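J.: Sharing a structure below in structure tokens format, with a few things to ask.
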Amino acid sequence: TFLTDTRKVLDPIAPSRSTVYAYINLAETIKKNQESSNIDREILMPVARLLTTAIKQARTIKDLRSEAQAIGSLGNLYALTGQNIEARNLTQKALVIAENLPAPDLAYRLHWQLGKTLTANNPQEKDLETATSAYRQAINHLKLLRNDLNAIDADLQFSFRDSVEPVYREYVNLLLRNSKKISEEN
């Protein structure tokens with residue numbers, strides 16, 4: 001299969017940032033194909049192994065950014081399969097790493113992912129509060145990125161806006177969901 005053939009090429013290569021991102025990108029591609037159809041856990045197990053390999057290689061080369069990205073991607077995989085506790089734990093581990101890096105692009109996605117996992121499957125009140133905080137942190141990181149985008153061409157700004165719009169929409173929905181405690185700030 002494609003995955004087996006690709007692993008035969010990647011596995012013998014010495015760990016590097018490029019190979020770590022190759023594993024992550026391969027895993028993300030397979031996940032995206034699964035998201036568009038019904039989730040097949042049999043296919044996602046090898047994806048988890050790809051991401052585990054990426055995490056190990058990132059640790060070997062001491063590349064914190066790619067380690068955080070791989071752990072976050074594995075957390076997203078757990079979320080896709082409805083394993084929200086594991087997804088939350090992995091996302092939080094990735095966030096601990098990402099928050100200590102100059103990586104607002106990665107941090108906003110991880111905070112967003114954490115917020116989504118906290119609001120899945122009948123969350124309790126404390127989960128909703130933590131999710132609100134996670135979304136707020138995601139938006140704070142987006143503000144940092146927006147300042148950097150002012151100097152970039154309009155097409156890229158438009159593309160960025162389309163990709164981050166769901167963060168704002170989900171945050172507003174979460175605030176409205178918790179409407180009995182809406183503060184003036186919210």
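Ligands are numbered from 1 in the order shown, chains are lettered A, B, ... in the order of the structure tokens, and residues start at 1 in each chain.
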At a cut-off of 12 Å, using only C-alpha atoms, what residues contact region 133-137 of chain A? Leave out same-chain residues fewer than 2 positions from it and give the result as number ranges by chain.

T.: A: 88, 91-92, 95, 99, 104-119, 126-131, 139-144, 164, 166-175, 185-186

J.: Which residues are near region 66-79 of chain A? Cut-off 8 Å, only C-alpha atoms, ignore same chain within fewer than 4 positions. Put them as a PyMOL selection string.

T.: chain A and resi 17+20-21+24+28+31+44+48+51-52+54-55+58-59+83-84+86-91+93-95+97-98+106+110+113+117

J.: List every residue of region 52-98 of chain A that has an atom at most 10 Å from any atom of region 10-14 of chain A, giving for each one its closest atom pair and the distance in Å to one decimal, counting only C-alpha atoms, sorted by chain and then by ascending residue number, as JSON lines.

T.:
```
{"residue": "A:Thr53", "atom": "CA", "partner": "A:Asp11", "partner_atom": "CA", "distance": 9.0}
{"residue": "A:Gln57", "atom": "CA", "partner": "A:Ala14", "partner_atom": "CA", "distance": 8.8}
{"residue": "A:Ile61", "atom": "CA", "partner": "A:Ala14", "partner_atom": "CA", "distance": 9.9}
```

J.: Smallest atom-to-atom distance to Arg65 (chain A): which of A:Met45, A:Leu80, A:Ala103, A:Leu3, using only C-alpha atoms?

T.: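 Residue with the minimum atom-to-atom distance to Arg65 (chain A): A:Ala103.
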
J.: Kindly indicate which residue among A:Ile43, A:Leu176, A:Ala138, A:Leu64 lies nearest to Thr81 (chain A), using only C-alpha atoms for the distances.

T.: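 The closest residue to Thr81 (chain A) is A:Ile43.
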
J.: List every residue of region 85-177 of chain A that DSSP, applied to the backbone, labels as alpha helix (DSSP H), and write the result as a PyMOL selection string.

T.: chain A and resi 85-98+104-119+125-149+154-177

J.: Please report the interatomic distance between CA of Tyr23 (chain A) and CA of Glu42 (chain A) in Å with one decimal.

T.: 18.1 Å

J.: Just how far from CA of Pro123 (chain A) is CA of Ile30 (chain A), in Å to one decimal?

T.: 28.7 Å

J.: In Å, rounded to a single decimal, give me how far CA of Thr6 (chain A) is from CA of Ser18 (chain A).

T.: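 Here the two named atoms are 14.2 Å from each other.
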